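Chemist: Next comes final_26.cif, mmCIF, C-alpha atoms:
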```cif
data_work
#
loop_
_atom_site.label_atom_id
_atom_site.label_comp_id
_atom_site.auth_asym_id
_atom_site.auth_seq_id
_atom_site.Cartn_x
_atom_site.Cartn_y
_atom_site.Cartn_z
CA MET N 1 76.14 -155.95 3.62
CA ASP N 2 76.86 -154.01 0.39
CA GLN N 3 74.23 -152.04 -1.53
CA LEU N 4 73.58 -154.77 -4.13
CA GLU N 5 72.76 -157.24 -1.35
CA ARG N 6 70.45 -154.66 0.17
CA PHE N 7 68.77 -154.24 -3.22
CA LEU N 8 68.07 -157.98 -3.36
CA LYS N 9 66.74 -157.86 0.20
CA VAL N 10 64.26 -155.05 -0.49
CA LYS N 11 63.17 -156.68 -3.78
CA VAL N 12 62.21 -159.84 -1.89
CA LYS N 13 60.35 -157.73 0.68
CA LEU N 14 58.49 -155.95 -2.14
CA LEU N 15 57.42 -159.26 -3.70
CA VAL N 16 55.79 -160.17 -0.38
CA ARG N 17 54.36 -156.83 0.75
CA GLN N 18 53.96 -154.88 -2.50
CA PRO N 19 53.73 -157.48 -5.31
CA TRP N 20 53.07 -154.91 -8.04
CA PHE N 21 56.31 -153.08 -7.27
CA GLY N 22 58.03 -156.41 -6.55
CA GLN N 23 57.37 -157.80 -10.02
CA LEU N 24 58.58 -154.63 -11.75
CA SER N 25 61.68 -154.41 -9.51
CA CYS N 26 62.91 -157.63 -11.16
CA TYR N 27 63.58 -155.58 -14.33
CA VAL N 28 65.63 -152.87 -12.56
CA ILE N 29 69.43 -153.15 -12.86
CA PRO N 30 71.30 -151.23 -10.12
CA LYS N 31 74.64 -149.63 -11.08
CA GLU N 32 76.81 -147.75 -8.57
CA ASP N 33 78.29 -144.48 -9.87
CA ALA N 34 79.86 -141.79 -7.69
CA ARG N 35 79.06 -139.10 -10.28
CA VAL N 36 75.34 -139.35 -9.46
CA GLY N 37 74.10 -137.07 -6.69
CA THR N 38 71.38 -139.45 -5.45
CA ALA N 39 69.75 -141.84 -7.95
CA CYS N 40 68.30 -141.81 -11.46
CA ILE N 41 66.93 -144.38 -13.90
CA ASN N 42 66.88 -144.62 -17.69
CA GLU N 43 64.53 -146.28 -20.17
CA ARG N 44 66.52 -149.53 -20.10
CA GLY N 45 65.78 -149.86 -16.38
CA GLU N 46 69.38 -149.11 -15.34
CA LEU N 47 69.31 -147.49 -11.90
CA PHE N 48 72.43 -145.36 -11.31
CA TYR N 49 72.98 -144.56 -7.65
CA ASN N 50 75.48 -142.87 -5.33
CA GLU N 51 76.82 -145.42 -2.85
CA LYS N 52 77.21 -142.87 -0.04
CA PHE N 53 73.64 -141.66 -0.52
CA PHE N 54 72.24 -145.19 -0.39
CA ALA N 55 74.41 -146.16 2.59
CA ALA N 56 72.80 -143.34 4.59
CA LEU N 57 69.29 -144.70 3.92
CA ASN N 58 67.57 -147.31 6.06
CA ASP N 59 66.01 -150.34 4.30
CA LYS N 60 62.55 -148.78 4.19
CA GLN N 61 63.91 -145.61 2.57
CA LEU N 62 65.98 -147.65 0.11
CA MET N 63 62.85 -149.57 -0.86
CA THR N 64 61.02 -146.25 -1.29
CA VAL N 65 63.71 -144.83 -3.59
CA LEU N 66 63.60 -148.01 -5.70
CA CYS N 67 59.79 -147.72 -6.01
CA HIS N 68 60.14 -144.00 -6.81
CA GLU N 69 62.26 -144.85 -9.85
CA ILE N 70 59.94 -147.70 -10.86
CA LEU N 71 56.97 -145.30 -10.83
CA HIS N 72 58.78 -142.93 -13.20
CA LEU N 73 58.88 -145.76 -15.74
CA ALA N 74 55.33 -146.90 -14.92
CA PHE N 75 54.06 -143.34 -15.50
CA ARG N 76 56.19 -143.29 -18.69
CA HIS N 77 57.74 -140.01 -17.54
CA THR N 78 60.97 -140.59 -19.47
CA PHE N 79 58.95 -141.20 -22.64
CA ARG N 80 56.43 -138.37 -22.22
CA ILE N 81 58.92 -135.53 -21.77
CA LYS N 82 59.11 -134.84 -25.54
CA SER N 83 60.43 -131.26 -26.05
CA ARG N 84 59.73 -130.07 -22.49
CA LEU N 85 62.44 -128.54 -20.30
CA PRO N 86 64.14 -131.41 -18.39
CA VAL N 87 64.57 -129.72 -15.00
CA ILE N 88 60.98 -128.50 -14.75
CA TRP N 89 59.62 -131.81 -16.11
CA ASN N 90 61.64 -133.70 -13.46
CA ILE N 91 60.17 -131.54 -10.70
CA ALA N 92 56.62 -132.15 -11.99
CA ALA N 93 57.29 -135.90 -12.31
CA ASP N 94 58.76 -136.12 -8.79
CA LEU N 95 55.72 -134.38 -7.32
CA LYS N 96 53.42 -136.88 -9.04
CA VAL N 97 55.43 -139.93 -7.97
CA ASN N 98 56.08 -138.80 -4.39
CA GLU N 99 52.41 -137.96 -3.87
CA GLU N 100 51.65 -141.63 -4.55
CA LEU N 101 54.37 -142.98 -2.23
CA GLU N 102 53.58 -140.53 0.58
CA ASN N 103 50.15 -142.12 1.01
CA ASN N 104 51.50 -145.67 1.54
CA ARG N 105 52.54 -146.87 5.00
CA ASP N 106 55.15 -149.25 3.58
CA PHE N 107 57.21 -146.34 2.25
CA ASP N 108 59.33 -143.63 3.85
CA LEU N 109 60.52 -140.83 1.57
CA PRO N 110 63.97 -139.45 2.51
CA GLU N 111 64.06 -135.86 3.70
CA GLY N 112 65.06 -133.19 1.22
CA GLY N 113 62.92 -134.39 -1.66
CA LEU N 114 59.82 -132.87 -3.21
CA ILE N 115 57.20 -134.37 -0.89
CA PRO N 116 53.56 -133.23 -1.24
CA ARG N 117 51.32 -133.22 1.84
CA SER N 118 47.62 -133.96 1.47
CA GLY N 119 47.86 -133.58 -2.30
CA GLU N 120 49.58 -130.17 -2.19
CA PHE N 121 53.18 -129.01 -2.41
CA CYS N 122 54.33 -125.58 -1.29
CA PHE N 123 57.87 -124.43 -2.03
CA LYS N 124 59.75 -123.19 1.03
CA GLU N 125 62.25 -120.41 1.54
CA LYS N 126 65.65 -121.01 3.11
CA ASN N 127 64.26 -120.16 6.57
CA GLY N 128 61.59 -122.85 6.15
CA ASN N 129 58.63 -120.53 5.60
CA ASP N 130 56.04 -121.49 3.00
CA VAL N 131 55.68 -119.25 -0.04
CA ALA N 132 51.91 -119.46 -0.56
CA LYS N 133 51.84 -118.19 -4.12
CA TYR N 134 54.40 -120.84 -5.12
CA SER N 135 52.30 -123.94 -4.52
CA ILE N 136 50.84 -126.79 -6.57
CA LYS N 137 47.43 -127.97 -5.39
CA ASP N 138 45.23 -131.00 -6.14
CA ILE N 139 48.20 -133.07 -7.37
CA PRO N 140 46.33 -136.44 -7.38
CA ASN N 141 43.83 -135.16 -9.95
CA LYS N 142 46.35 -133.46 -12.24
CA THR N 143 48.47 -135.09 -14.91
CA THR N 144 52.22 -134.53 -14.97
CA GLU N 145 51.73 -132.32 -18.04
CA ILE N 146 49.31 -130.04 -16.15
CA ILE N 147 51.71 -129.74 -13.19
CA TYR N 148 54.54 -128.95 -15.63
CA ASP N 149 52.50 -126.15 -17.24
CA GLU N 150 51.76 -124.65 -13.81
CA LEU N 151 55.46 -124.76 -12.84
CA LEU N 152 56.43 -123.19 -16.16
CA LYS N 153 54.17 -120.20 -15.43
CA MET N 154 55.43 -120.02 -11.86
CA PHE N 155 59.20 -120.19 -12.37
CA PRO N 156 61.19 -117.02 -13.20
CA LYS N 157 62.64 -116.81 -16.71
CA CYS N 158 66.22 -117.22 -15.47
CA VAL N 159 65.39 -120.69 -14.10
CA ILE N 160 63.76 -121.66 -17.39
CA ASN N 161 66.78 -120.39 -19.33
CA ILE N 162 69.14 -122.46 -17.19
CA SER N 163 67.03 -125.54 -17.78
CA PHE N 164 67.02 -124.94 -21.51
CA ASN N 165 70.57 -123.72 -22.16
CA LYS N 166 72.78 -125.52 -19.64
CA GLN N 167 72.55 -129.16 -20.62
CA GLY N 168 76.32 -129.57 -20.15
CA GLY N 169 76.26 -128.71 -16.45
CA ILE N 170 75.93 -125.51 -14.44
CA SER N 171 78.08 -123.61 -11.98
CA SER N 172 77.28 -121.40 -9.00
CA LYS N 173 77.76 -118.39 -11.28
CA ASP N 174 74.80 -119.53 -13.39
CA LEU N 175 72.59 -119.29 -10.32
CA GLU N 176 73.58 -115.76 -9.28
CA ASP N 177 70.75 -114.09 -11.16
CA ILE N 178 68.04 -116.29 -9.65
CA PRO N 179 65.99 -114.16 -7.22
CA GLU N 180 65.02 -115.32 -3.76
CA PRO N 181 63.19 -117.39 -2.73
CA TRP N 182 63.95 -119.43 -5.83
CA LYS N 183 67.72 -119.48 -5.33
CA SER N 184 67.56 -121.16 -1.92
CA MET N 185 64.72 -123.44 -2.97
CA LEU N 186 66.14 -124.68 -6.26
CA LYS N 187 69.92 -124.37 -6.19
CA LYS N 188 70.68 -127.89 -4.95
CA LEU N 189 67.82 -129.45 -6.90
CA ILE N 190 68.79 -127.89 -10.24
CA THR N 191 72.49 -128.61 -9.74
CA ASP N 192 71.87 -132.29 -8.95
CA LEU N 193 69.47 -132.81 -11.86
CA ILE N 194 71.52 -131.15 -14.58
CA ASN N 195 75.02 -132.09 -13.45
CA SER N 196 74.17 -135.76 -12.83
CA ASN N 197 72.54 -136.20 -16.22
CA ALA N 198 75.29 -134.30 -18.04
CA LYS N 199 78.10 -136.45 -16.57
CA LEU N 200 76.49 -139.79 -17.40
CA LYS N 201 76.73 -140.14 -21.16
CA GLU N 202 76.18 -143.90 -20.86
CA PHE N 203 72.87 -143.04 -19.18
CA ASP N 204 71.46 -141.86 -22.51
CA VAL N 205 69.43 -144.21 -24.70
CA ASN N 206 69.49 -144.08 -28.49
CA PRO N 207 66.30 -142.25 -29.58
CA ARG N 208 65.65 -144.99 -32.15
CA ASP N 209 65.34 -147.50 -29.28
CA LEU N 210 62.77 -145.47 -27.32
CA PRO N 211 59.55 -146.69 -29.05
CA GLY N 212 60.54 -150.32 -28.51
CA LEU N 213 61.51 -149.72 -24.88
CA GLU N 214 58.24 -147.88 -24.24
CA ARG N 215 56.23 -150.82 -25.63
CA GLU N 216 58.32 -153.22 -23.54
CA TRP N 217 57.68 -151.29 -20.31
CA GLN N 218 54.01 -150.90 -21.15
CA SER N 219 53.78 -154.68 -21.55
CA ARG N 220 55.49 -155.15 -18.18
CA ILE N 221 53.06 -152.73 -16.53
CA ASN N 222 50.08 -154.54 -18.06
CA GLN N 223 51.44 -157.89 -16.85
CA ALA N 224 51.94 -156.50 -13.34
CA ASN N 225 48.39 -155.10 -13.36
CA MET N 226 46.97 -158.49 -14.35
CA ASN N 227 49.07 -160.37 -11.80
CA THR N 228 48.17 -158.09 -8.91
CA SER N 229 44.93 -157.50 -7.04
CA ILE N 230 43.44 -154.05 -7.63
CA GLY N 231 44.19 -152.96 -4.06
CA HIS N 232 47.95 -153.28 -4.62
CA ILE N 233 48.08 -151.30 -7.88
CA PRO N 234 49.01 -147.64 -7.23
CA ALA N 235 45.81 -145.60 -7.40
CA GLY N 236 47.64 -142.62 -8.86
CA LEU N 237 48.95 -144.81 -11.66
CA LEU N 238 45.43 -145.92 -12.58
CA ARG N 239 44.22 -142.29 -12.61
CA GLU N 240 47.16 -141.21 -14.75
CA LEU N 241 46.74 -144.09 -17.21
CA ARG N 242 43.03 -143.29 -17.59
CA SER N 243 43.86 -139.67 -18.36
CA LEU N 244 46.39 -140.87 -20.93
CA GLU N 245 43.66 -142.87 -22.67
CA THR N 246 42.69 -139.67 -24.48
CA PRO N 247 43.79 -141.49 -27.51
CA GLU N 248 46.89 -140.76 -29.43
CA LEU N 249 46.28 -144.34 -30.62
CA PRO N 250 43.50 -145.12 -33.13
CA TRP N 251 40.24 -146.22 -31.49
CA HIS N 252 40.51 -149.80 -32.73
CA ARG N 253 43.99 -150.21 -31.19
CA ILE N 254 42.61 -149.15 -27.80
CA ILE N 255 39.68 -151.58 -28.08
CA ARG N 256 42.04 -154.38 -29.14
CA ASN N 257 44.23 -153.68 -26.11
CA ARG N 258 41.16 -153.81 -23.86
CA PHE N 259 39.95 -157.15 -25.23
CA SER N 260 43.47 -158.54 -25.07
CA ASN N 261 43.65 -157.71 -21.36
CA HIS N 262 40.07 -158.67 -20.46
CA CYS N 263 40.05 -161.99 -22.34
CA ARG N 264 42.89 -163.32 -20.20
CA THR N 265 42.77 -164.05 -16.50
CA ARG N 266 45.40 -165.43 -14.16
CA SER N 267 45.30 -168.94 -12.71
CA TRP N 268 47.42 -170.21 -9.83
CA GLN N 269 47.08 -173.77 -11.15
CA ARG N 270 50.22 -173.31 -13.22
CA PRO N 271 53.04 -170.76 -12.81
CA ALA N 272 54.08 -168.20 -15.43
CA LYS N 273 57.37 -169.70 -16.63
CA LYS N 274 58.94 -166.37 -17.61
CA TYR N 275 59.03 -165.23 -13.95
CA LEU N 276 60.49 -168.38 -12.40
CA PRO N 277 61.93 -168.85 -9.77
CA PHE N 278 59.40 -166.22 -8.60
CA TYR N 279 55.92 -167.73 -8.56
CA PHE N 280 53.27 -165.80 -10.48
CA PRO N 281 50.00 -167.21 -11.90
CA GLY N 282 49.88 -168.25 -15.55
CA ILE N 283 47.51 -166.99 -18.25
CA LYS N 284 44.07 -168.50 -18.73
CA LYS N 285 41.83 -167.48 -21.65
CA GLU N 286 38.40 -166.13 -20.73
CA PHE N 287 35.40 -166.97 -22.97
CA GLY N 288 31.85 -165.65 -23.18
CA LEU N 289 32.55 -161.90 -22.99
CA ASN N 290 29.80 -159.73 -24.54
CA ALA N 291 30.46 -156.39 -26.23
CA VAL N 292 28.30 -154.16 -28.45
CA VAL N 293 29.31 -151.87 -31.32
CA THR N 294 26.68 -149.26 -32.28
CA PHE N 295 26.66 -147.06 -35.39
CA ASP N 296 24.73 -143.81 -35.22
CA THR N 297 23.16 -143.79 -38.70
CA SER N 298 21.39 -140.45 -38.32
CA GLY N 299 23.61 -138.85 -40.92
CA SER N 300 26.30 -137.71 -38.49
CA MET N 301 28.88 -140.10 -39.92
CA SER N 302 30.02 -140.20 -43.53
CA GLU N 303 29.83 -143.37 -45.61
CA ASP N 304 33.65 -143.56 -45.57
CA ASP N 305 33.68 -143.37 -41.76
CA LEU N 306 31.04 -146.09 -41.48
CA SER N 307 32.78 -148.33 -44.00
CA THR N 308 36.17 -148.01 -42.30
CA ALA N 309 34.71 -148.47 -38.82
CA LEU N 310 32.78 -151.55 -39.96
CA SER N 311 35.90 -153.07 -41.52
CA GLU N 312 37.92 -152.53 -38.34
CA THR N 313 35.07 -153.95 -36.22
CA VAL N 314 35.04 -157.14 -38.31
CA GLY N 315 38.80 -157.38 -37.91
CA ILE N 316 38.46 -157.12 -34.12
CA ALA N 317 35.80 -159.85 -34.15
CA GLN N 318 38.13 -162.14 -36.11
CA SER N 319 41.03 -161.47 -33.72
CA PHE N 320 38.97 -162.22 -30.59
CA PRO N 321 36.65 -165.17 -31.29
CA GLN N 322 36.15 -165.61 -27.52
CA VAL N 323 34.24 -162.28 -27.48
CA HIS N 324 30.58 -162.22 -28.53
CA LEU N 325 30.60 -158.96 -30.51
CA TRP N 326 27.19 -157.56 -31.48
CA LEU N 327 26.51 -154.86 -34.09
CA ILE N 328 23.63 -152.37 -33.70
CA THR N 329 22.54 -149.66 -36.14
CA ASN N 330 20.52 -146.84 -34.64
CA ASP N 331 19.18 -143.34 -35.27
CA ALA N 332 15.94 -142.46 -33.45
CA LYS N 333 15.33 -146.20 -33.05
CA VAL N 334 17.24 -149.47 -33.30
CA TRP N 335 17.20 -150.80 -36.87
CA ASP N 336 19.40 -153.88 -36.79
CA MET N 337 21.12 -156.06 -34.21
CA VAL N 338 23.33 -158.92 -35.36
CA GLU N 339 26.19 -160.92 -33.85
CA ILE N 340 29.45 -160.74 -35.80
CA ARG N 341 30.73 -164.30 -36.25
CA ASN N 342 32.79 -166.24 -38.78
CA GLY N 343 29.77 -167.48 -40.72
CA ASN N 344 28.36 -164.04 -41.57
CA LEU N 345 31.43 -161.78 -41.97
CA ASP N 346 30.97 -161.22 -45.71
CA LYS N 347 27.29 -160.42 -45.19
CA ILE N 348 28.11 -157.90 -42.48
CA ARG N 349 30.78 -156.23 -44.60
CA LYS N 350 28.17 -155.67 -47.32
CA MET N 351 25.24 -154.80 -45.03
CA LYS N 352 23.26 -151.65 -45.74
CA MET N 353 23.05 -149.15 -42.90
CA HIS N 354 19.42 -148.15 -42.27
CA GLY N 355 18.68 -144.78 -40.74
CA GLY N 356 18.88 -141.10 -41.62
CA GLY N 357 16.50 -139.76 -38.98
CA GLY N 358 17.20 -137.97 -35.68
CA THR N 359 19.49 -139.25 -32.96
CA MET N 360 18.28 -140.95 -29.77
CA PHE N 361 20.55 -143.06 -27.56
CA GLY N 362 17.84 -144.33 -25.22
CA PRO N 363 16.69 -147.24 -27.44
CA VAL N 364 20.22 -148.69 -27.57
CA PHE N 365 20.71 -148.65 -23.80
CA LYS N 366 17.19 -150.05 -23.29
CA LEU N 367 17.88 -152.91 -25.70
CA ILE N 368 21.16 -153.76 -23.96
CA LYS N 369 19.37 -153.86 -20.62
CA GLU N 370 16.67 -156.17 -21.99
CA ARG N 371 18.98 -158.40 -24.02
CA PHE N 372 22.04 -158.64 -21.74
CA LYS N 373 20.70 -157.50 -18.34
CA ASN N 374 23.52 -154.89 -18.53
CA ARG N 375 26.07 -157.73 -18.26
CA LEU N 376 28.34 -156.25 -20.86
CA ASP N 377 32.08 -155.66 -21.04
CA CYS N 378 31.69 -152.46 -23.05
CA LEU N 379 29.62 -150.49 -25.54
CA ILE N 380 31.50 -148.87 -28.45
CA PHE N 381 29.28 -146.11 -29.85
CA PHE N 382 30.13 -144.31 -33.13
CA THR N 383 28.35 -140.94 -33.05
CA ASP N 384 28.66 -137.17 -33.21
CA GLY N 385 26.93 -136.87 -29.82
CA TYR N 386 24.25 -134.44 -31.01
CA LEU N 387 21.06 -135.76 -29.43
CA GLY N 388 17.41 -135.13 -30.13
CA ASP N 389 16.50 -136.19 -26.58
CA SER N 390 18.14 -136.33 -23.14
CA TRP N 391 21.22 -138.36 -22.28
CA PRO N 392 20.57 -141.81 -20.80
CA LYS N 393 21.72 -142.65 -17.28
CA LYS N 394 25.29 -143.88 -16.82
CA PRO N 395 25.26 -147.69 -17.11
CA SER N 396 27.30 -150.19 -15.08
CA TYR N 397 29.43 -151.19 -18.09
CA GLN N 398 32.17 -149.18 -19.84
CA VAL N 399 31.07 -146.90 -22.70
CA PHE N 400 33.45 -145.69 -25.43
CA TRP N 401 32.25 -142.78 -27.58
CA VAL N 402 34.06 -142.86 -30.95
CA THR N 403 33.62 -139.45 -32.54
CA ARG N 404 35.04 -136.56 -34.52
CA SER N 405 33.14 -134.02 -32.39
CA THR N 406 35.22 -131.75 -30.14
CA ASP N 407 32.50 -129.53 -28.64
CA VAL N 408 30.24 -132.14 -26.97
CA LYS N 409 30.22 -132.46 -23.16
CA TRP N 410 30.02 -136.21 -22.66
CA PRO N 411 28.36 -136.95 -19.29
CA PHE N 412 30.07 -140.34 -18.87
CA GLY N 413 32.28 -142.82 -20.67
CA THR N 414 35.64 -142.49 -22.45
CA VAL N 415 35.94 -140.42 -25.63
CA LEU N 416 38.00 -141.93 -28.47
CA ARG N 417 38.80 -139.80 -31.48
CA LEU N 418 37.80 -141.14 -34.86
CA LYS N 419 40.93 -140.59 -36.88
CA PRO N 420 43.17 -142.56 -39.22
CA GLU N 421 46.03 -144.85 -38.16
#
```
Will you turn the file into structure tokens for me?

Modeler:
Amino acid sequence: MDQLERFLKVKVKLLVRQPWFGQLSCYVIPKEDARVGTACINERGELFYNEKFFAALNDKQLMTVLCHEILHLAFRHTFRIKSRLPVIWNIAADLKVNEELENNRDFDLPEGGLIPRSGEFCFKEKNGNDVAKYSIKDIPNKTTEIIYDELLKMFPKCVINISFNKQGGISSKDLEDIPEPWKSMLKKLITDLINSNAKLKEFDVNPRDLPGLEREWQSRINQANMNTSIGHIPAGLLRELRSLETPELPWHRIIRNRFSNHCRTRSWQRPAKKYLPFYFPGIKKEFGLNAVVTFDTSGSMSEDDLSTALSETVGIAQSFPQVHLWLITNDAKVWDMVEIRNGNLDKIRKMKMHGGGGTMFGPVFKLIKERFKNRLDCLIFFTDGYLGDSWPKKPSYQVFWVTRSTDVKWPFGTVLRLKPE
């Protein structure tokens, strides 16, 4: 059985045992290339692999390597690197991905990789001894960027210089100045990473194509998340995606993405045609979702901010008629509460915002409890966060704080920055 047949075999096994990985594996295109040390993947989903390396792996290890590369795309590692040093970024990304796979019984990471144990990775000297001061701890709760920054402070300058200056490949002479224990720990790793990438010019993707490819992979990840039960979605991926919600996108784009995902469920009554012959449930629209938008009218937001936010809120209501979107104005008390619907859009656009007093959040949360029994998809609260009373208790629904403030310690919810498109 050649390696391509083995790939098909493990993909089928993933569809049965790990459906989230199985669906995404359908987009991966394996390509054998002897110039690659082990395996690597690009933004197009092309998986370049060394045939001898794969032949030495058992089926479980082969499946693990395939999922390792899928997670790099799911975490958007190839898109998030920006101007960071490739070698050190790859090490940070591998630690993040392997920590996820290490905790799953279906996977078996091949020896020789960067494999964390119990959420910690300690670099080892050539004799196998741990070097305590060269360790990364609490990996599950750190983003790849944080791990990268810790590695950057940890690595000697000569390693950083090699990563930065030797994009065309390195030789053993380049490694002579690396002090122990780094030389024995990193020689093979650095050589494989830089030499493999330098030799594969066809591996590179045109920078102009990257935004489109990132959107395409993000759509695939969202589809896989919707098609799969929560227990089969990698927990580390969910944590990383939540941390990435610190919005580089405008607030209204994030809310639109949320409604787009939450207003559609999956039904097994009809298959999703795009995945045939693999059977996945089709899309079913969900109606009756409640959401509340609240404007803090205590004077913390300018008239321009309120006007722009109101216009975007009306636009969201028009785009998602299946969502019952309610508008509340509030300072020390609730002034107005009105549902945004097609018949009153012009009136809402022209509505006068009452308020100007102090800020109290309690009345809004109390009203939601009385009116909706806390059965709410989310509360979107425009405010500066400067309260005249104590914070309310964390509710059962999702809260988004849309704000310009940078010095407020928000006790719960997700903070979205109020900024232009």

Chemist: Please evaluate the PyMOL selection byres ((chain N and resi 36-45) around 8) against the structure above and give the resulting residues as a ChimeraX atom specification.

Modeler: /N:27-29,33-35,46-50,53-54,69,73,78-79,192,196-197,203-205,210,213-214

Chemist: I want to know what sits within 6 Å of segment 5-22 of chain N, based on all atoms listed in the file, with residues of the same chain fewer than 3 positions away left out; could you give that as a PyMOL selection string?

Modeler: chain N and resi 2+25+63+224+228

Chemist: Kindly give the distance, in Å, that separates atom CA of Glu312 of chain N and atom CA of Val399 of chain N, rounded to a single decimal.

Modeler: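 Spanning atom CA of Glu312 of chain N to atom CA of Val399 of chain N is a straight-line distance of 18.0 Å.
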
Chemist: Quick one, how far is atom CA of Arg375 of chain N from atom CA of Ser260 of chain N?

Modeler: 18.7 Å

Chemist: So the first atom is atom CA of Trp410 of chain N and the second is atom CA of Asn330 of chain N; what is the distance between them in Å, to one decimal place?

Modeler: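 Interatomic distance, atom CA of Trp410 of chain N to atom CA of Asn330 of chain N: 18.6 Å.
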
Chemist: Let me make sure I understand: among N:Phe365, N:Asn222, N:Asp407, N:Leu416, which one has the smallest atom-to-atom distance to Pro395 of chain N if we use all atoms listed in the file?

Modeler: N:Phe365

Chemist: Starting from the PyMOL selection byres ((chain N and resi 57) around 12), expand the selection into actual residues of this file and give them as a PyMOL selection string.

Modeler: chain N and resi 3+6-7+38+50-56+58-66+108-111

Chemist: Show me as an MDAnalysis selection string the residues that reach within 12 Å of (29.8, -140.7, -33.5), counting only C-alpha atoms and using the file's own coordinates.

Modeler: chainID N and resid 251 293:302 305:306 309 329:331 359 361 380:387 400:406 408 410 415:419

Chemist: Considering all atoms listed in the file, can you say which of N:Asn225, N:Leu24, N:His232, N:Arg239 comes closest to Lys96 of chain N?

Modeler: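 Looking only at the distances to Lys96 of chain N, the closest residue turns out to be N:Arg239.
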
Chemist: Hey, what's within 9 Å of Thr313 of chain N if we count all atoms listed in the file and toss same-chain stuff fewer than 5 positions away? As a list of chain:residue names, please?

Modeler: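 Listing them by chain and then by number gives N:His252, N:Val293, N:Thr308, N:Gln318, N:Leu325, N:Leu327, N:Ile340.
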
Chemist: To verify the selection step, state as a PyMOL selection string which residues the PyMOL selection byres ((chain N and resi 396) around 9) yields on this input.

Modeler: chain N and resi 374-376+394-395+397-398
